[in-house]
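Chemist: This is my_file-v5.tsv, which holds TSV, C-alpha atoms:
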chain	number	residue	atom	x	y	z
E	1407	SER	CA	1.28	-4.19	-0.46
E	1408	THR	CA	1.12	-7.97	-0.46
E	1409	ILE	CA	-1.52	-10.63	0.07
E	1410	SER	CA	-0.05	-13.24	2.37
E	1411	THR	CA	-3.15	-15.26	3.29
E	1412	SER	CA	-6.39	-16.20	1.60
E	1413	THR	CA	-8.37	-15.00	4.64
E	1414	ALA	CA	-8.04	-11.48	3.23
E	1415	ILE	CA	-10.35	-12.37	0.32
E	1416	HIS	CA	-14.02	-13.37	0.18
E	1417	HIS	CA	-15.51	-16.14	-1.97
E	1418	MET	CA	-12.49	-18.38	-2.40
E	1419	ASP	CA	-13.05	-21.81	-3.95
E	1420	ASN	CA	-12.75	-24.54	-1.29
E	1421	ASN	CA	-10.87	-26.67	-3.81
E	1422	LYS	CA	-8.34	-23.84	-4.22
E	1423	PRO	CA	-7.67	-22.61	-0.68
E	1424	SER	CA	-4.60	-20.57	-1.60
E	1425	ILE	CA	-4.48	-17.54	-3.85
E	1426	LEU	CA	-1.45	-19.15	-5.48
E	1427	ASP	CA	-3.73	-21.87	-6.84
E	1428	TYR	CA	-5.33	-19.37	-9.24
E	1429	THR	CA	-4.09	-17.83	-12.45
E	1430	TYR	CA	-4.31	-14.06	-12.67
E	1431	GLN	CA	-7.10	-14.32	-15.23
E	1432	GLU	CA	-9.10	-16.57	-12.90
E	1433	LEU	CA	-8.80	-14.02	-10.13
E	1434	GLN	CA	-10.17	-11.34	-12.45
E	1435	ASP	CA	-13.03	-13.55	-13.66
E	1436	LEU	CA	-14.10	-14.41	-10.12
E	1437	SER	CA	-14.47	-10.73	-9.23
E	1438	LEU	CA	-13.05	-11.44	-5.80
E	1439	GLN	CA	-13.60	-8.91	-3.06
E	1440	PHE	CA	-11.20	-8.04	-0.25
E	1441	ASN	CA	-12.42	-8.72	3.26
E	1442	ILE	CA	-12.66	-5.17	4.61
E	1443	HIS	CA	-12.87	-6.51	8.18
E	1444	ASN	CA	-9.55	-8.34	7.97
E	1445	GLN	CA	-7.29	-6.78	10.59
E	1446	GLU	CA	-4.17	-7.24	8.49
E	1447	PHE	CA	-5.20	-4.28	6.34
E	1448	PRO	CA	-3.92	-1.01	7.86
E	1449	CYS	CA	-5.74	1.06	5.21
E	1450	PRO	CA	-9.23	2.54	5.73
E	1451	LYS	CA	-12.10	0.20	4.84
E	1452	HIS	CA	-13.40	2.36	1.99
E	1453	VAL	CA	-9.98	2.07	0.32
E	1454	ILE	CA	-9.84	-1.71	0.73
E	1455	GLN	CA	-13.40	-2.10	-0.55
E	1456	ARG	CA	-12.52	-0.79	-3.99
E	1457	GLY	CA	-9.14	-2.52	-4.06
E	1458	THR	CA	-8.02	-4.81	-6.87
E	1459	ILE	CA	-5.12	-7.23	-7.37
E	1460	PRO	CA	-2.62	-5.62	-9.76
E	1461	THR	CA	0.13	-7.35	-11.68
E	1462	LEU	CA	3.73	-6.44	-10.94
E	1463	GLU	CA	3.87	-4.69	-14.31
E	1464	GLN	CA	0.87	-2.54	-13.41
E	1465	VAL	CA	2.46	-1.55	-10.08
E	1466	LEU	CA	5.69	-0.52	-11.78
E	1467	GLN	CA	3.77	1.41	-14.42
E	1468	ASP	CA	1.87	3.32	-11.71
E	1469	ILE	CA	5.17	4.19	-10.03
E	1470	GLN	CA	6.61	5.44	-13.30
E	1471	GLN	CA	3.54	7.59	-13.94
E	1472	HIS	CA	3.71	9.04	-10.43
E	1473	GLN	CA	7.38	9.91	-10.84
E	1474	GLU	CA	6.73	11.57	-14.19
E	1475	GLN	CA	3.92	13.67	-12.68
E	1476	GLN	CA	6.14	14.72	-9.78
E	1477	GLN	CA	8.92	15.65	-12.15
E	1478	GLN	CA	6.60	17.75	-14.29
E	1479	GLN	CA	5.27	19.59	-11.24
E	1480	GLN	CA	8.76	20.44	-10.08
E	1481	GLN	CA	9.83	21.59	-13.51
E	1482	SER	CA	6.89	23.98	-13.61
E	1483	THR	CA	7.77	25.52	-10.22
E	1484	ASN	CA	11.55	25.76	-10.64
E	1485	ASN	CA	13.30	28.34	-12.81
E	1486	GLN	CA	16.75	28.34	-14.36
E	1487	LYS	CA	18.29	30.06	-11.33
E	1488	LYS	CA	17.37	27.04	-9.24
E	1489	LYS	CA	18.64	24.50	-11.74
E	1490	LYS	CA	20.99	22.85	-9.26
E	1491	LYS	CA	18.23	22.48	-6.69
E	1492	LYS	CA	15.86	21.18	-9.37
E	1493	GLN	CA	18.24	18.40	-10.33
E	1494	HIS	CA	18.60	17.39	-6.68
E	1495	ASN	CA	14.84	17.26	-6.19
E	1496	ASN	CA	14.30	15.22	-9.33
E	1497	LYS	CA	16.71	12.62	-8.03
E	1498	ASN	CA	14.71	12.36	-4.80
E	1499	ASN	CA	11.52	11.72	-6.76
E	1500	HIS	CA	12.75	8.28	-7.78
E	1501	MET	CA	11.24	5.74	-5.40
E	1502	GLU	CA	13.30	2.89	-4.06
E	1503	ILE	CA	11.31	-0.26	-4.84
E	1504	LYS	CA	11.75	-3.57	-3.09
E	1505	ILE	CA	10.27	-6.62	-4.79
E	1506	GLU	CA	9.95	-9.54	-2.39
E	1507	LEU	CA	10.29	-12.95	-4.04
E	1508	LYS	CA	7.69	-14.93	-2.12
E	1509	GLY	CA	5.78	-18.20	-2.13
E	1510	GLY	CA	8.67	-20.59	-1.60
E	1511	TYR	CA	6.41	-23.26	-0.11
E	1512	HIS	CA	4.22	-23.53	-3.20
E	1513	GLN	CA	4.71	-26.13	-5.91
E	1514	TYR	CA	4.38	-23.58	-8.72
E	1515	ASN	CA	7.19	-21.40	-7.40
E	1516	THR	CA	10.00	-23.85	-7.99
E	1517	ILE	CA	13.22	-22.62	-9.59
E	1518	ASP	CA	14.37	-26.15	-10.30
E	1519	ASP	CA	12.19	-26.80	-13.34
E	1520	ASN	CA	13.34	-28.25	-16.64
E	1521	ASN	CA	13.92	-24.83	-18.14
E	1522	ASN	CA	15.82	-22.95	-15.45
E	1523	ASP	CA	16.67	-20.01	-17.70
E	1524	ARG	CA	12.96	-19.27	-18.06
E	1525	CYS	CA	11.95	-19.65	-14.43
E	1526	TRP	CA	9.66	-17.07	-12.85
E	1527	ILE	CA	12.61	-15.20	-11.31
E	1528	THR	CA	14.00	-14.65	-14.80
E	1529	GLN	CA	10.65	-13.24	-15.88
E	1530	VAL	CA	10.65	-10.79	-12.96
E	1531	LEU	CA	14.17	-9.63	-13.81
E	1532	GLU	CA	13.32	-9.17	-17.48
E	1533	LEU	CA	10.21	-7.16	-16.63
E	1534	VAL	CA	12.21	-4.74	-14.49
E	1535	GLU	CA	14.83	-4.49	-17.25
E	1536	ASP	CA	12.23	-3.85	-19.97
E	1537	MET	CA	10.85	-0.97	-17.89
E	1538	ASP	CA	14.35	0.46	-17.34
E	1539	MET	CA	13.97	0.36	-13.54
E	1540	VAL	CA	16.96	-1.72	-12.48
E	1541	PRO	CA	18.74	1.17	-10.66
E	1542	GLN	CA	15.78	1.79	-8.33
E	1543	VAL	CA	14.69	-1.82	-7.70
E	1544	SER	CA	16.07	-4.37	-5.27
E	1545	PHE	CA	14.94	-7.98	-4.80
E	1546	SER	CA	14.47	-9.50	-1.35
E	1547	SER	CA	13.51	-12.90	-0.01
E	1548	PHE	CA	13.58	-15.18	3.02
E	1549	ASN	CA	14.52	-17.91	0.58
E	1550	MET	CA	18.29	-17.77	0.09
E	1551	ASN	CA	17.97	-20.00	-3.01
E	1552	TYR	CA	15.97	-17.25	-4.73
E	1553	LEU	CA	18.65	-14.66	-3.96
E	1554	GLN	CA	21.34	-17.03	-5.18
E	1555	ARG	CA	19.43	-17.47	-8.42
E	1556	VAL	CA	19.22	-13.70	-8.94
E	1557	ARG	CA	22.94	-13.39	-8.39
E	1558	THR	CA	23.67	-16.29	-10.74
E	1559	LEU	CA	21.49	-14.83	-13.47
E	1560	ARG	CA	22.69	-11.24	-12.99
E	1561	PRO	CA	26.24	-11.17	-11.58
E	1562	GLN	CA	27.15	-7.72	-12.97
E	1563	GLN	CA	29.07	-5.41	-10.65
E	1564	HIS	CA	29.69	-1.66	-10.57
E	1565	GLU	CA	33.25	-0.56	-11.02
E	1566	GLN	CA	34.75	0.69	-7.76
E	1567	GLN	CA	35.25	4.44	-8.06
E	1568	HIS	CA	37.66	4.91	-5.17
E	1569	GLU	CA	40.15	2.71	-3.41
E	1570	HIS	CA	38.73	3.60	0.03
E	1571	GLU	CA	35.35	2.17	-1.02
E	1572	GLN	CA	36.93	-1.25	-1.45
E	1573	GLN	CA	38.56	-1.01	1.96
E	1574	GLN	CA	35.39	0.21	3.65
E	1575	GLU	CA	33.25	-2.52	2.12
E	1576	GLN	CA	35.76	-5.23	3.06
E	1577	GLN	CA	35.71	-6.65	-0.46
E	1578	THR	CA	31.91	-6.78	-0.62
E	1579	PRO	CA	31.10	-6.30	-4.33
E	1580	SER	CA	28.80	-3.51	-5.45
E	1581	TYR	CA	26.25	-5.35	-7.57
E	1582	VAL	CA	24.13	-3.72	-10.25
E	1583	TYR	CA	21.17	-5.93	-9.34
E	1584	ARG	CA	20.65	-5.40	-5.62
E	1585	THR	CA	19.29	-8.09	-3.31
E	1586	GLY	CA	18.25	-8.17	0.34
E	1587	ALA	CA	18.40	-11.22	2.61
E	1588	LEU	CA	15.34	-11.35	4.87
E	1589	PHE	CA	15.59	-12.87	8.35
E	1590	ASN	CA	12.87	-13.48	10.92
E	1591	ASP	CA	13.57	-15.12	14.27
E	1592	ILE	CA	17.32	-14.77	14.77
E	1593	ASP	CA	19.56	-14.48	17.83
E	1594	PRO	CA	20.97	-10.93	17.62
E	1595	TYR	CA	23.37	-11.69	20.46
E	1596	HIS	CA	25.03	-14.65	18.75
E	1597	ASN	CA	28.67	-14.75	19.87
E	1598	ASP	CA	28.22	-11.60	21.98
E	1599	ASP	CA	31.94	-11.28	22.73
E	1600	TYR	CA	32.69	-8.98	19.79
E	1601	GLN	CA	36.39	-8.61	20.69
E	1602	GLN	CA	36.82	-12.37	20.53
E	1603	GLN	CA	34.70	-12.46	17.40
E	1604	GLN	CA	36.98	-10.00	15.62
E	1605	GLN	CA	40.10	-11.86	16.70
E	1606	GLN	CA	38.77	-15.15	15.40
E	1607	GLN	CA	37.12	-13.49	12.38
E	1608	ILE	CA	33.80	-15.15	13.15
E	1609	LEU	CA	30.86	-13.76	11.18
E	1610	HIS	CA	27.39	-13.47	12.63
E	1611	PRO	CA	25.24	-16.12	10.85
E	1612	VAL	CA	23.07	-13.51	9.07
E	1613	ILE	CA	26.16	-11.82	7.64
E	1614	ALA	CA	27.64	-15.14	6.57
E	1615	GLN	CA	24.41	-16.23	4.86
E	1616	ALA	CA	23.93	-12.89	3.12
E	1617	LYS	CA	27.48	-12.87	1.81
E	1618	ALA	CA	27.18	-16.48	0.65
E	1619	VAL	CA	24.36	-15.55	-1.75
E	1620	GLY	CA	25.84	-12.20	-2.78
E	1621	ALA	CA	23.23	-10.03	-1.05
E	1622	ASN	CA	23.68	-6.25	-0.77
E	1623	GLU	CA	21.41	-5.82	2.22
E	1624	ILE	CA	20.25	-7.59	5.37
E	1625	HIS	CA	16.63	-7.13	6.44
E	1626	LEU	CA	15.97	-7.94	10.10
E	1627	ARG	CA	12.75	-8.14	12.08
E	1628	TYR	CA	12.50	-4.89	14.01
E	1629	ASP	CA	12.96	-6.42	17.47
E	1630	THR	CA	16.14	-8.25	16.49
E	1631	CYS	CA	17.98	-5.05	15.57
E	1632	THR	CA	20.72	-4.17	18.05
E	1633	VAL	CA	23.42	-1.51	17.88
E	1634	PRO	CA	26.34	-4.01	17.82
E	1635	LEU	CA	24.74	-6.20	15.15
E	1636	ILE	CA	23.80	-3.28	12.90
E	1637	ARG	CA	27.32	-1.86	13.23
E	1638	GLU	CA	28.83	-5.23	12.36
E	1639	ILE	CA	26.63	-5.55	9.28
E	1640	HIS	CA	27.60	-2.06	8.08
E	1641	LYS	CA	31.26	-2.83	8.77
E	1642	HIS	CA	31.04	-5.62	6.19
E	1643	GLY	CA	29.66	-3.25	3.55
E	1644	LEU	CA	26.04	-4.42	3.75
E	1645	ASN	CA	23.05	-2.10	4.07
E	1646	THR	CA	20.30	-2.71	6.62
E	1647	MET	CA	16.54	-2.57	6.89
E	1648	ALA	CA	14.20	-3.29	9.81
E	1649	TRP	CA	10.86	-4.82	8.89
E	1650	PHE	CA	7.84	-4.63	11.16
E	1651	ARG	CA	5.21	-7.31	11.48
E	1652	GLY	CA	1.72	-6.79	10.09
E	1653	PRO	CA	-0.89	-4.83	12.07
E	1654	VAL	CA	-2.12	-7.92	13.96
E	1655	GLY	CA	1.39	-9.03	14.93
E	1656	MET	CA	2.47	-5.55	15.96
E	1657	ASN	CA	-0.65	-5.10	18.06
E	1658	HIS	CA	0.18	-8.33	19.89
E	1659	ASP	CA	3.81	-7.26	20.42
E	1660	VAL	CA	3.06	-3.84	21.89
E	1661	THR	CA	0.25	-5.26	24.02
E	1662	TYR	CA	1.73	-8.47	25.41
E	1663	THR	CA	5.42	-8.74	24.52
E	1664	TYR	CA	7.01	-5.33	25.08
E	1665	TYR	CA	5.70	-3.39	28.04
E	1666	ASP	CA	8.20	-0.52	27.70
E	1667	VAL	CA	6.57	0.93	24.57
E	1668	GLY	CA	3.21	2.51	23.84
E	1669	ASN	CA	-0.04	0.72	23.15
E	1670	GLU	CA	0.35	0.84	19.37
E	1671	GLU	CA	2.94	0.99	16.60
E	1672	ASP	CA	3.90	4.59	17.36
E	1673	GLU	CA	6.81	7.02	17.44
E	1674	ILE	CA	8.30	5.36	20.52
E	1675	VAL	CA	8.68	2.05	18.72
E	1676	TYR	CA	10.08	3.65	15.58
E	1677	ASP	CA	12.49	5.81	17.55
E	1678	MET	CA	13.89	2.82	19.45
E	1679	VAL	CA	14.58	0.97	16.20
E	1680	TRP	CA	15.96	4.11	14.54
E	1681	LYS	CA	18.54	4.47	17.32
E	1682	THR	CA	20.06	1.09	16.48
E	1683	GLY	CA	21.51	2.72	13.37
E	1684	VAL	CA	19.41	0.76	10.87
E	1685	GLN	CA	19.21	2.55	7.52
E	1686	GLN	CA	15.68	1.69	6.36
E	1687	MET	CA	12.36	0.65	7.91
E	1688	CYS	CA	9.45	-1.29	6.41
E	1689	ILE	CA	6.44	-0.19	8.43
E	1690	ASN	CA	2.64	-0.07	8.62
E	1691	ARG	CA	2.28	3.62	9.52
E	1692	PRO	CA	4.43	5.84	7.27
E	1693	ASP	CA	2.66	8.99	8.49
E	1694	VAL	CA	3.94	8.33	12.02
E	1695	LEU	CA	7.50	7.80	10.82
E	1696	ILE	CA	7.38	10.97	8.70
E	1697	ARG	CA	6.23	12.91	11.75
E	1698	LEU	CA	9.07	11.45	13.83
E	1699	LYS	CA	11.59	12.27	11.10
E	1700	GLU	CA	10.43	15.90	11.05
E	1701	LYS	CA	10.75	16.17	14.85
E	1702	ARG	CA	14.27	14.76	14.68
E	1703	ARG	CA	15.18	17.20	11.91
E	1704	LYS	CA	13.98	20.21	13.92
E	1705	LYS	CA	15.79	18.98	17.01
E	1706	THR	CA	19.02	18.61	15.04
E	1707	GLN	CA	18.66	22.13	13.61
E	1708	LYS	CA	18.09	23.56	17.07
E	1709	THR	CA	21.13	21.70	18.45
E	1710	ASN	CA	23.37	22.88	15.62
E	1711	GLN	CA	22.20	26.48	15.84
E	1712	PRO	CA	25.02	28.92	16.80
E	1713	LYS	CA	24.90	30.18	20.39
E	1714	ASN	CA	24.65	33.85	19.36
E	1715	GLU	CA	21.51	33.10	17.30
E	1716	LYS	CA	19.97	31.27	20.27
E	1717	SER	CA	20.64	34.22	22.57
E	1718	LYS	CA	19.00	36.67	20.12
E	1719	LYS	CA	15.81	34.65	20.25
What does this structure look like when you write it as structure tokens?
Modeler:
Amino acid sequence: STISTSTAIHHMDNNKPSILDYTYQELQDLSLQFNIHNQEFPCPKHVIQRGTIPTLEQVLQDIQQHQEQQQQQQQSTNNQKKKKKKQHNNKNNHMEIKIELKGGYHQYNTIDDNNNDRCWITQVLELVEDMDMVPQVSFSSFNMNYLQRVRTLRPQQHEQQHEHEQQQEQQTPSYVYRTGALFNDIDPYHNDDYQQQQQQQILHPVIAQAKAVGANEIHLRYDTCTVPLIREIHKHGLNTMAWFRGPVGMNHDVTYTYYDVGNEEDEIVYDMVWKTGVQQMCINRPDVLIRLKEKRRKKTQKTNQPKNEKSKK
């Protein structure tokens, strides 16, 4: 989770209105408490009340420990006859982690200092490398300069395994260090005449910007995802993610902006975005999405069931 505003914390110093004005040690010394009544927190109040501000290193360590525990549990329940299945499950236990490079408006988050090779982005990259988590981490940002800096510092590419991969990705490199270009208020219908667009080889602005900084993925606000745009992004070898606004923003959207959905961030909203073909979703209610995914799985199984089996039932 992230802290985007200082309103989520009690007892801030008036001379330091932003959390970015503090060092990590100062935040620990102040014994700051989260505001359990802040509506941006989707978690239960008793969870927020005992919450603390971890470092990035601590978060990654917790993830590693969780993965090790999951792996040990599966090893204890699987036998040698299920070795193949065990290896598959172990692979699924590795979380995909997205680290958002934030705070572009703040004076301390400049990447144009006198020692560019030691800027804070370099420190983030080195931390992930030291913990041997590069394969499961990607770096995202609204700030294209940050993504460009990641690509400049870490330009390594995977070797293409098959010729058809190069053709399918339309010469989009497969980078070892993955990045995602975040976009907020875009026009998904830019140059809506896709036949003319293909003839003139005109890229949608989000695709052009993502390619310019060597991004692997494009992350769109959920209500700017359309089937044609998502298809076009995938056609250029880029992955996609839809991000949903925080609880307050989503509550406003489903109440006042979109009258054809439910009265909360529910299965209807997720299903509509899912149908655009987007590959990933950043959401506030994972339990709801898991429930929807299970319903879709059962529906697919029922549809694919042979007719003779259906008749027996």
Chemist: Rounded to one decimal, what separation in Å do you get between CA of Gln1439 in chain E and CA of Ile1454 in chain E?
Modeler: 9.0 Å
Chemist: Given the choices E:Gln1467, E:Gln1480, E:Gln1529, E:Thr1578, which gets closest to His1642 in chain E if the distance is worked out from only C-alpha atoms?
Modeler: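 The closest residue to His1642 in chain E is E:Thr1578.
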Chemist: Pick from E:Ser1482, E:Asn1657, E:Asn1549, E:Thr1429: nearest to Gln1445 in chain E, with only C-alpha atoms counted?
Modeler: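 Comparing E:Ser1482, E:Asn1657, E:Asn1549, E:Thr1429 against Gln1445 in chain E, the winner is E:Asn1657.
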Chemist: With only C-alpha atoms as the atoms that count, which of E:Leu1609, E:Val1534, E:Ile1624, E:Met1647 lies nearest to Gln1464 in chain E?
Modeler: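 The answer is E:Val1534, which sits nearest to Gln1464 in chain E.
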Chemist: Check the smallest atom-to-atom distance from each of E:Ala1587, E:Val1453, E:Met1537, E:Leu1426 to Gln1470 in chain E using all atoms listed in the file, then report the winner.
Modeler: E:Met1537
Chemist: Could you give me, as a PyMOL selection string, the residues that have an atom at most 7 Å away from the point (10.6, -11.5, -1.3) in the coordinates of the file, using all atoms listed in the file?
Modeler: chain E and resi 1505-1508+1545-1548
Chemist: Which residues are near Val1465 in chain E? Cut-off 12 Å, only C-alpha atoms, ignore same chain within fewer than 4 positions. Put them as number ranges by chain.
Modeler: E: 1407-1408, 1458-1461, 1469-1472, 1503-1505, 1533-1534, 1537
Chemist: Quick one: of E:Thr1663, E:Gln1434, E:Asn1690, E:Gln1478, who's nearest to Tyr1676 in chain E, counting all atoms listed in the file?
Modeler: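 Of E:Thr1663, E:Gln1434, E:Asn1690, E:Gln1478, the one nearest Tyr1676 in chain E, counting all atoms listed in the file, is E:Asn1690.
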Chemist: Pick the closest to Glu1535 in chain E from E:Arg1560, E:Lys1708, E:Arg1697, E:His1658: which is it, counting all atoms listed in the file?
Modeler: E:Arg1560
Chemist: Taking (5.8, -4.8, 11.3) in the file's coordinates, which residues come within 8 Å, counting all atoms listed in the file, written as a VMD selection string?
Modeler: chain E and resid 1627 to 1628 1649 to 1653 1655 to 1656 1688 to 1690
Chemist: Around all the atoms of range 1581-1598 of chain E listed in the file, with 6 Å of room on each side, what axis-aligned box do you get, giving centre and edge lengths in Å to one decimal, as AutoDock Vina command-line options?
Modeler:
--center_x 20.8 --center_y -9.4 --center_z 5.9 --size_x 27.8 --size_y 23.4 --size_z 44.2
Chemist: What is the distance, in Å and to one decimal place, between CA of Ala1648 in chain E and CA of Leu1626 in chain E?
Modeler: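 If I compute the distance from CA of Ala1648 in chain E to CA of Leu1626 in chain E, I get 5.0 Å.
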Chemist: In Å, rounded to a single decimal, give me how far CA of Asn1645 in chain E is from CA of Ser1544 in chain E.
Modeler: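 Spanning CA of Ser1544 in chain E to CA of Asn1645 in chain E is a straight-line distance of 11.9 Å.
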Chemist: Can you list, as a PyMOL selection string, every protein, DNA or RNA residue that comes within 10 Å of range 1679-1684 of chain E when you count only C-alpha atoms, leaving out same-chain residues fewer than 4 positions away?
Modeler: chain E and resi 1625-1626+1628-1637+1639-1640+1645-1648+1673-1675+1695+1699
Chemist: Determine, counting only C-alpha atoms, which protein, DNA and RNA residues have an atom within 10 Å of an atom of Leu1559 in chain E; residues of the same chain fewer than 5 positions away are not included. Present the result as a list in words.
Modeler: Asp1523, Ile1527, Thr1528, Leu1531, Leu1553, Gln1554 and Tyr1583 of chain E
Chemist: If we count all atoms listed in the file, what is near Ala1621 in chain E at a cut-off of 6 Å, once residues fewer than 3 positions away on the same chain are taken out, given as a list in words?
Modeler: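 Returned residues: Thr1585, Gly1586, Ala1616 and Lys1617 of chain E.
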